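File shown: entry15.cif (mmCIF, C-alpha atoms).
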data_my_file
#
loop_
_atom_site.group_PDB
_atom_site.id
_atom_site.type_symbol
_atom_site.label_atom_id
_atom_site.label_comp_id
_atom_site.auth_asym_id
_atom_site.auth_seq_id
_atom_site.Cartn_x
_atom_site.Cartn_y
_atom_site.Cartn_z
ATOM 1 C CA MET A 1 135.878 -70.499 143.917
ATOM 2 C CA ASP A 2 136.405 -72.035 147.332
ATOM 3 C CA THR A 3 139.432 -70.932 149.258
ATOM 4 C CA LEU A 4 141.248 -72.568 152.109
ATOM 5 C CA THR A 5 140.749 -71.179 155.578
ATOM 6 C CA ALA A 6 143.570 -68.845 156.492
ATOM 7 C CA PRO A 7 145.525 -69.835 159.612
ATOM 8 C CA THR A 8 144.441 -66.656 161.423
ATOM 9 C CA GLU A 9 140.787 -67.501 160.788
ATOM 10 C CA VAL A 10 141.305 -70.989 162.206
ATOM 11 C CA LYS A 11 142.958 -69.535 165.313
ATOM 12 C CA SER A 12 140.071 -67.094 165.717
ATOM 13 C CA ASP A 13 137.481 -69.847 165.287
ATOM 14 C CA PHE A 14 139.183 -72.008 167.922
ATOM 15 C CA GLY A 15 139.624 -69.064 170.266
ATOM 16 C CA TYR A 16 136.109 -67.680 169.886
ATOM 17 C CA GLY A 17 134.672 -71.160 170.286
ATOM 18 C CA MET A 18 136.789 -71.722 173.376
ATOM 19 C CA ILE A 19 135.623 -68.444 174.935
ATOM 20 C CA GLY A 20 132.011 -69.351 174.191
ATOM 21 C CA GLY A 21 132.574 -72.846 175.559
ATOM 22 C CA ILE A 22 134.037 -71.588 178.831
ATOM 23 C CA ILE A 23 131.175 -69.125 179.368
ATOM 24 C CA GLY A 24 128.565 -71.687 178.318
ATOM 25 C CA GLY A 25 130.247 -74.268 180.546
ATOM 26 C CA ALA A 26 130.122 -71.892 183.502
ATOM 27 C CA ALA A 27 126.368 -71.424 182.987
ATOM 28 C CA PHE A 28 125.865 -75.186 182.690
ATOM 29 C CA GLY A 29 128.031 -75.729 185.778
ATOM 30 C CA ILE A 30 125.995 -73.250 187.826
ATOM 31 C CA LEU A 31 122.834 -75.141 186.866
ATOM 32 C CA MET A 32 124.409 -78.449 187.917
ATOM 33 C CA GLN A 33 125.640 -76.892 191.157
ATOM 34 C CA LEU A 34 122.146 -75.571 191.962
ATOM 35 C CA ALA A 35 120.636 -78.967 191.125
ATOM 36 C CA GLY A 36 123.116 -80.616 193.514
ATOM 37 C CA ILE A 37 124.666 -82.892 190.910
ATOM 38 C CA MET A 38 128.048 -81.284 190.258
ATOM 39 C CA THR A 39 130.003 -83.520 192.642
ATOM 40 C CA THR A 40 128.831 -86.588 190.705
ATOM 41 C CA TYR A 41 131.003 -85.434 187.826
ATOM 42 C CA ALA A 42 134.071 -85.276 190.069
ATOM 43 C CA THR A 43 134.022 -89.061 190.387
ATOM 44 C CA ILE A 44 134.799 -89.352 186.670
ATOM 45 C CA ILE A 45 138.340 -88.120 187.380
ATOM 46 C CA GLY A 46 138.608 -89.835 190.752
ATOM 47 C CA GLY A 47 137.764 -86.701 192.722
ATOM 48 C CA SER A 48 135.164 -86.128 195.365
ATOM 49 C CA LYS A 49 134.816 -82.354 195.619
ATOM 50 C CA ASP A 50 132.970 -79.740 193.626
ATOM 51 C CA ILE A 51 136.265 -78.075 192.652
ATOM 52 C CA ASP A 52 137.346 -81.327 190.958
ATOM 53 C CA ALA A 53 134.105 -81.394 188.995
ATOM 54 C CA TRP A 54 134.411 -77.730 188.051
ATOM 55 C CA PHE A 55 137.965 -78.278 186.810
ATOM 56 C CA ILE A 56 137.046 -81.123 184.462
ATOM 57 C CA HIS A 57 133.781 -79.463 183.442
ATOM 58 C CA ILE A 58 135.387 -76.165 182.360
ATOM 59 C CA LEU A 59 138.251 -77.982 180.650
ATOM 60 C CA VAL A 60 135.865 -80.144 178.619
ATOM 61 C CA SER A 61 133.654 -77.101 177.935
ATOM 62 C CA ALA A 62 136.620 -75.199 176.494
ATOM 63 C CA VAL A 63 137.672 -78.107 174.268
ATOM 64 C CA LEU A 64 134.120 -78.655 173.018
ATOM 65 C CA GLY A 65 133.747 -74.924 172.429
ATOM 66 C CA ALA A 66 136.890 -74.966 170.286
ATOM 67 C CA LEU A 67 135.447 -77.924 168.360
ATOM 68 C CA TYR A 68 132.256 -75.941 167.831
ATOM 69 C CA GLY A 69 134.212 -72.923 166.648
ATOM 70 C CA TYR A 70 136.258 -74.910 164.206
ATOM 71 C CA SER A 71 133.595 -77.087 162.653
ATOM 72 C CA VAL A 72 130.090 -77.348 164.013
ATOM 73 C CA TYR A 73 128.956 -73.767 163.468
ATOM 74 C CA ARG A 74 129.376 -74.251 159.712
ATOM 75 C CA VAL A 75 126.456 -76.713 159.675
ATOM 76 C CA SER A 76 123.737 -74.192 160.515
ATOM 77 C CA LYS A 77 123.270 -70.613 159.367
ATOM 78 C CA SER A 78 121.320 -69.853 162.548
ATOM 79 C CA TRP A 79 123.362 -69.551 165.736
ATOM 80 C CA LEU A 80 120.282 -70.469 167.806
ATOM 81 C CA ILE A 81 119.430 -73.630 165.856
ATOM 82 C CA GLY A 82 123.112 -74.562 165.619
ATOM 83 C CA GLY A 83 123.543 -74.102 169.366
ATOM 84 C CA LEU A 84 120.464 -76.165 170.208
ATOM 85 C CA LEU A 85 121.575 -78.969 167.872
ATOM 86 C CA PHE A 86 125.096 -78.871 169.299
ATOM 87 C CA GLY A 87 123.781 -78.981 172.872
ATOM 88 C CA PHE A 88 121.396 -81.827 172.077
ATOM 89 C CA ALA A 89 124.148 -83.850 170.396
ATOM 90 C CA LEU A 90 126.443 -83.288 173.381
ATOM 91 C CA TRP A 91 123.685 -84.421 175.751
ATOM 92 C CA ILE A 92 123.206 -87.681 173.849
ATOM 93 C CA LEU A 93 126.919 -88.339 173.569
ATOM 94 C CA GLY A 94 127.952 -87.096 177.013
ATOM 95 C CA SER A 95 125.074 -87.837 179.370
ATOM 96 C CA LEU A 96 123.605 -90.926 177.756
ATOM 97 C CA ILE A 97 126.755 -92.667 176.492
ATOM 98 C CA VAL A 98 130.162 -91.397 177.713
ATOM 99 C CA LYS A 99 129.311 -90.531 181.340
ATOM 100 C CA PRO A 100 127.580 -93.873 182.002
ATOM 101 C CA ILE A 101 130.520 -95.750 180.491
ATOM 102 C CA LEU A 102 133.045 -93.819 182.616
ATOM 103 C CA MET A 103 130.967 -94.336 185.765
ATOM 104 C CA GLY A 104 130.122 -98.000 185.106
ATOM 105 C CA ASN A 105 126.385 -97.346 184.735
ATOM 106 C CA ALA A 106 123.817 -98.444 182.167
ATOM 107 C CA LEU A 107 123.644 -96.495 178.912
ATOM 108 C CA PHE A 108 120.617 -94.372 178.035
ATOM 109 C CA THR A 109 119.340 -94.102 181.607
ATOM 110 C CA PHE A 110 116.770 -91.361 182.099
ATOM 111 C CA ASP A 111 116.600 -89.991 185.632
ATOM 112 C CA ALA A 112 116.361 -86.518 187.155
ATOM 113 C CA GLN A 113 120.085 -85.945 186.627
ATOM 114 C CA THR A 114 119.758 -86.778 182.933
ATOM 115 C CA TRP A 115 117.003 -84.208 182.443
ATOM 116 C CA TRP A 116 119.007 -81.525 184.278
ATOM 117 C CA ALA A 117 121.899 -82.396 181.966
ATOM 118 C CA LEU A 118 119.635 -81.947 178.920
ATOM 119 C CA LEU A 119 118.655 -78.470 180.066
ATOM 120 C CA GLY A 120 122.286 -77.628 180.841
ATOM 121 C CA SER A 121 123.510 -78.989 177.505
ATOM 122 C CA LEU A 122 120.990 -76.912 175.577
ATOM 123 C CA ILE A 123 121.958 -73.808 177.563
ATOM 124 C CA TYR A 124 125.637 -74.603 176.944
ATOM 125 C CA GLY A 125 125.079 -75.023 173.208
ATOM 126 C CA VAL A 126 123.093 -71.814 172.811
ATOM 127 C CA ILE A 127 125.524 -69.711 174.857
ATOM 128 C CA THR A 128 128.571 -71.193 173.115
ATOM 129 C CA SER A 129 127.014 -70.613 169.706
ATOM 130 C CA GLY A 130 125.768 -67.125 170.547
ATOM 131 C CA ILE A 131 129.104 -65.951 171.875
ATOM 132 C CA PHE A 132 130.961 -67.495 168.958
ATOM 133 C CA SER A 133 128.574 -65.793 166.552
ATOM 134 C CA ALA A 134 128.967 -62.405 168.263
ATOM 135 C CA PHE A 135 132.782 -62.586 168.217
ATOM 136 C CA SER A 136 133.163 -63.962 164.716
ATOM 137 C CA ARG A 137 131.216 -61.199 162.928
#

Starting from the file, give its structure as structure tokens.
Amino acid sequence: MDTLTAPTEVKSDFGYGMIGGIIGGAAFGILMQLAGIMTTYATIIGGSKDIDAWFIHILVSAVLGALYGYSVYRVSKSWLIGGLLFGFALWILGSLIVKPILMGNALFTFDAQTWWALLGSLIYGVITSGIFSAFSR
């Protein structure tokens, strides 16, 4: 018999996902910083400095991590496969659709920045999933 998720389990899933998302987002952010593309993301919120980009990046990473913790991890029994799928989906949605719309660029543009974002998104997904999996045992 299926049971409803207890409120404490939901809070834990959100929290564990958020922790994973923040850590995964930090790893992704370091990659973007090293690639020299972090400041580009600051323009999405009208900023021009790396700190602006880091602020929005970690905030979005935490929210997406909570989303992962609440729902996405249930799709795959493997944290590695689930993380890779989550990261890939975020890359398509974020780098190929949402970011270009927010910046007034063409959709589905593949340049060096897009490929760095793919690598970062996969790293983000795997770290978020791995940390969530470790905490939720």

Can you pull out every residue within 12 Å of Ser71 (chain A), counting all atoms listed in the file, but drop anything in the same chain fewer than 5 positions away, and send it as a PyMOL selection string?
chain A and resi 5+10+13-14+17+64-66+76+82+86+129+132

Which residue is closest to Ala134 (chain A)? Choose from A:Ile23, A:Trp79, A:Asp50, A:Tyr70 and count all atoms listed in the file.
A:Trp79

Test item: residues at most 10 Å from Leu85 (chain A), only C-alpha atoms, excluding those fewer than 2 positions along its chain, as a ChimeraX atom specification
/A:72,75-76,79-83,87-91,121-122,125-126

Translate the PyMOL selection byres ((chain A and resi 113-116) around 12) into a concrete residue list for this structure, as number ranges by chain.
A: 28-41, 88, 91-97, 99-100, 107-112, 117-123

Have a look at CA of Gly104 (chain A) and CA of Ile22 (chain A) and let me know their distance in Å, one decimal.
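One can read the CA of Gly104 (chain A) to CA of Ile22 (chain A) distance as 27.4 Å.
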
For this structure, which residues satisfy the selection - the PyMOL selection byres ((chain A and resi 62) around 10) - when it is evaluated on the file as given? I want them as a PyMOL selection string.
chain A and resi 14-15+17-25+56-61+63-68+128

Those selected residues, please, written with C-alpha atoms and delivered as a CSV table (one decimal), in the coordinates of the input.
chain,number,residue,atom,x,y,z
A,14,PHE,CA,139.2,-72.0,167.9
A,15,GLY,CA,139.6,-69.1,170.3
A,17,GLY,CA,134.7,-71.2,170.3
A,18,MET,CA,136.8,-71.7,173.4
A,19,ILE,CA,135.6,-68.4,174.9
A,20,GLY,CA,132.0,-69.4,174.2
A,21,GLY,CA,132.6,-72.8,175.6
A,22,ILE,CA,134.0,-71.6,178.8
A,23,ILE,CA,131.2,-69.1,179.4
A,24,GLY,CA,128.6,-71.7,178.3
A,25,GLY,CA,130.2,-74.3,180.5
A,56,ILE,CA,137.0,-81.1,184.5
A,57,HIS,CA,133.8,-79.5,183.4
A,58,ILE,CA,135.4,-76.2,182.4
A,59,LEU,CA,138.3,-78.0,180.6
A,60,VAL,CA,135.9,-80.1,178.6
A,61,SER,CA,133.7,-77.1,177.9
A,63,VAL,CA,137.7,-78.1,174.3
A,64,LEU,CA,134.1,-78.7,173.0
A,65,GLY,CA,133.7,-74.9,172.4
A,66,ALA,CA,136.9,-75.0,170.3
A,67,LEU,CA,135.4,-77.9,168.4
A,68,TYR,CA,132.3,-75.9,167.8
A,128,THR,CA,128.6,-71.2,173.1

Interatomic distance, CA of Phe135 (chain A) to CA of Ile51 (chain A) (Å, one decimal)
29.1 Å

Rounded to one decimal in Å, what is the spacing between CA of Ser133 (chain A) and CA of Gly69 (chain A)?
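Pair CA of Ser133 (chain A) / CA of Gly69 (chain A) returns 9.1 Å.
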
Can you tell me, as JSON, the centre and edge lengths (Å, one decimal) of the axis-aligned box enclosing all of region 106-116 of chain A's listed atoms after padding each side by 5 Å?
{"center_x": 120.1, "center_y": -90.0, "center_z": 182.6, "size_x": 17.5, "size_y": 26.9, "size_z": 19.1}

Kindly reconstruct region 18-52 of chain A with N, CA and C atoms and present the result as a PDB file, keeping the file's coordinate frame.
ATOM      1  N   MET A  18     136.322 -71.412 172.023  1.00  0.00           N
ATOM      2  CA  MET A  18     136.789 -71.722 173.376  1.00  0.00           C
ATOM      3  C   MET A  18     136.208 -70.733 174.388  1.00  0.00           C
ATOM      4  N   ILE A  19     136.203 -69.453 174.040  1.00  0.00           N
ATOM      5  CA  ILE A  19     135.623 -68.444 174.935  1.00  0.00           C
ATOM      6  C   ILE A  19     134.141 -68.741 175.158  1.00  0.00           C
ATOM      7  N   GLY A  20     133.424 -68.996 174.072  1.00  0.00           N
ATOM      8  CA  GLY A  20     132.011 -69.351 174.191  1.00  0.00           C
ATOM      9  C   GLY A  20     131.805 -70.600 175.020  1.00  0.00           C
ATOM     10  N   GLY A  21     132.672 -71.589 174.809  1.00  0.00           N
ATOM     11  CA  GLY A  21     132.574 -72.846 175.559  1.00  0.00           C
ATOM     12  C   GLY A  21     132.804 -72.664 177.050  1.00  0.00           C
ATOM     13  N   ILE A  22     133.757 -71.835 177.404  1.00  0.00           N
ATOM     14  CA  ILE A  22     134.037 -71.588 178.831  1.00  0.00           C
ATOM     15  C   ILE A  22     132.855 -70.870 179.475  1.00  0.00           C
ATOM     16  N   ILE A  23     132.316 -69.859 178.804  1.00  0.00           N
ATOM     17  CA  ILE A  23     131.175 -69.125 179.368  1.00  0.00           C
ATOM     18  C   ILE A  23     129.933 -70.015 179.408  1.00  0.00           C
ATOM     19  N   GLY A  24     129.689 -70.745 178.337  1.00  0.00           N
ATOM     20  CA  GLY A  24     128.565 -71.687 178.318  1.00  0.00           C
ATOM     21  C   GLY A  24     128.730 -72.774 179.364  1.00  0.00           C
ATOM     22  N   GLY A  25     129.967 -73.250 179.531  1.00  0.00           N
ATOM     23  CA  GLY A  25     130.247 -74.268 180.546  1.00  0.00           C
ATOM     24  C   GLY A  25     130.029 -73.756 181.956  1.00  0.00           C
ATOM     25  N   ALA A  26     130.361 -72.485 182.180  1.00  0.00           N
ATOM     26  CA  ALA A  26     130.122 -71.892 183.502  1.00  0.00           C
ATOM     27  C   ALA A  26     128.628 -71.839 183.798  1.00  0.00           C
ATOM     28  N   ALA A  27     127.821 -71.460 182.794  1.00  0.00           N
ATOM     29  CA  ALA A  27     126.368 -71.424 182.987  1.00  0.00           C
ATOM     30  C   ALA A  27     125.819 -72.824 183.260  1.00  0.00           C
ATOM     31  N   PHE A  28     126.276 -73.797 182.500  1.00  0.00           N
ATOM     32  CA  PHE A  28     125.865 -75.186 182.690  1.00  0.00           C
ATOM     33  C   PHE A  28     126.300 -75.658 184.080  1.00  0.00           C
ATOM     34  N   GLY A  29     127.517 -75.330 184.473  1.00  0.00           N
ATOM     35  CA  GLY A  29     128.031 -75.729 185.778  1.00  0.00           C
ATOM     36  C   GLY A  29     127.233 -75.143 186.930  1.00  0.00           C
ATOM     37  N   ILE A  30     126.824 -73.879 186.789  1.00  0.00           N
ATOM     38  CA  ILE A  30     125.995 -73.250 187.826  1.00  0.00           C
ATOM     39  C   ILE A  30     124.673 -73.996 187.956  1.00  0.00           C
ATOM     40  N   LEU A  31     124.075 -74.368 186.833  1.00  0.00           N
ATOM     41  CA  LEU A  31     122.834 -75.141 186.866  1.00  0.00           C
ATOM     42  C   LEU A  31     123.045 -76.473 187.585  1.00  0.00           C
ATOM     43  N   MET A  32     124.126 -77.165 187.263  1.00  0.00           N
ATOM     44  CA  MET A  32     124.409 -78.449 187.917  1.00  0.00           C
ATOM     45  C   MET A  32     124.667 -78.260 189.406  1.00  0.00           C
ATOM     46  N   GLN A  33     125.364 -77.184 189.750  1.00  0.00           N
ATOM     47  CA  GLN A  33     125.640 -76.892 191.157  1.00  0.00           C
ATOM     48  C   GLN A  33     124.324 -76.659 191.906  1.00  0.00           C
ATOM     49  N   LEU A  34     123.441 -75.855 191.332  1.00  0.00           N
ATOM     50  CA  LEU A  34     122.146 -75.571 191.962  1.00  0.00           C
ATOM     51  C   LEU A  34     121.280 -76.821 192.073  1.00  0.00           C
ATOM     52  N   ALA A  35     121.406 -77.714 191.101  1.00  0.00           N
ATOM     53  CA  ALA A  35     120.636 -78.967 191.125  1.00  0.00           C
ATOM     54  C   ALA A  35     121.257 -79.997 192.068  1.00  0.00           C
ATOM     55  N   GLY A  36     122.458 -79.706 192.576  1.00  0.00           N
ATOM     56  CA  GLY A  36     123.116 -80.616 193.514  1.00  0.00           C
ATOM     57  C   GLY A  36     123.761 -81.832 192.876  1.00  0.00           C
ATOM     58  N   ILE A  37     124.100 -81.731 191.601  1.00  0.00           N
ATOM     59  CA  ILE A  37     124.666 -82.892 190.910  1.00  0.00           C
ATOM     60  C   ILE A  37     126.097 -82.689 190.425  1.00  0.00           C
ATOM     61  N   MET A  38     126.702 -81.574 190.753  1.00  0.00           N
ATOM     62  CA  MET A  38     128.048 -81.284 190.258  1.00  0.00           C
ATOM     63  C   MET A  38     129.076 -82.276 190.788  1.00  0.00           C
ATOM     64  N   THR A  39     128.998 -82.629 192.045  1.00  0.00           N
ATOM     65  CA  THR A  39     130.003 -83.520 192.642  1.00  0.00           C
ATOM     66  C   THR A  39     130.025 -84.879 191.956  1.00  0.00           C
ATOM     67  N   THR A  40     128.884 -85.310 191.418  1.00  0.00           N
ATOM     68  CA  THR A  40     128.831 -86.588 190.705  1.00  0.00           C
ATOM     69  C   THR A  40     129.866 -86.624 189.595  1.00  0.00           C
ATOM     70  N   TYR A  41     130.060 -85.493 188.939  1.00  0.00           N
ATOM     71  CA  TYR A  41     131.003 -85.434 187.826  1.00  0.00           C
ATOM     72  C   TYR A  41     132.455 -85.504 188.289  1.00  0.00           C
ATOM     73  N   ALA A  42     132.706 -85.186 189.542  1.00  0.00           N
ATOM     74  CA  ALA A  42     134.071 -85.276 190.069  1.00  0.00           C
ATOM     75  C   ALA A  42     134.549 -86.716 190.096  1.00  0.00           C
ATOM     76  N   THR A  43     133.628 -87.658 190.301  1.00  0.00           N
ATOM     77  CA  THR A  43     134.022 -89.061 190.387  1.00  0.00           C
ATOM     78  C   THR A  43     134.591 -89.582 189.071  1.00  0.00           C
ATOM     79  N   ILE A  44     134.267 -88.926 187.971  1.00  0.00           N
ATOM     80  CA  ILE A  44     134.799 -89.352 186.670  1.00  0.00           C
ATOM     81  C   ILE A  44     136.321 -89.262 186.646  1.00  0.00           C
ATOM     82  N   ILE A  45     136.883 -88.270 187.346  1.00  0.00           N
ATOM     83  CA  ILE A  45     138.340 -88.120 187.380  1.00  0.00           C
ATOM     84  C   ILE A  45     138.924 -88.586 188.716  1.00  0.00           C
ATOM     85  N   GLY A  46     138.125 -89.316 189.481  1.00  0.00           N
ATOM     86  CA  GLY A  46     138.608 -89.835 190.752  1.00  0.00           C
ATOM     87  C   GLY A  46     138.566 -88.827 191.885  1.00  0.00           C
ATOM     88  N   GLY A  47     137.878 -87.727 191.688  1.00  0.00           N
ATOM     89  CA  GLY A  47     137.764 -86.701 192.722  1.00  0.00           C
ATOM     90  C   GLY A  47     136.496 -86.883 193.534  1.00  0.00           C
ATOM     91  N   SER A  48     136.354 -86.032 194.527  1.00  0.00           N
ATOM     92  CA  SER A  48     135.164 -86.128 195.365  1.00  0.00           C
ATOM     93  C   SER A  48     134.618 -84.759 195.757  1.00  0.00           C
ATOM     94  N   LYS A  49     135.219 -83.698 195.245  1.00  0.00           N
ATOM     95  CA  LYS A  49     134.816 -82.354 195.619  1.00  0.00           C
ATOM     96  C   LYS A  49     134.294 -81.594 194.410  1.00  0.00           C
ATOM     97  N   ASP A  50     133.508 -80.565 194.708  1.00  0.00           N
ATOM     98  CA  ASP A  50     132.970 -79.740 193.626  1.00  0.00           C
ATOM     99  C   ASP A  50     134.077 -79.114 192.781  1.00  0.00           C
ATOM    100  N   ILE A  51     135.175 -78.720 193.405  1.00  0.00           N
ATOM    101  CA  ILE A  51     136.265 -78.075 192.652  1.00  0.00           C
ATOM    102  C   ILE A  51     136.842 -79.033 191.606  1.00  0.00           C
ATOM    103  N   ASP A  52     136.885 -80.325 191.930  1.00  0.00           N
ATOM    104  CA  ASP A  52     137.346 -81.327 190.958  1.00  0.00           C
ATOM    105  C   ASP A  52     136.396 -81.378 189.763  1.00  0.00           C
TER     106      ASP A  52
END
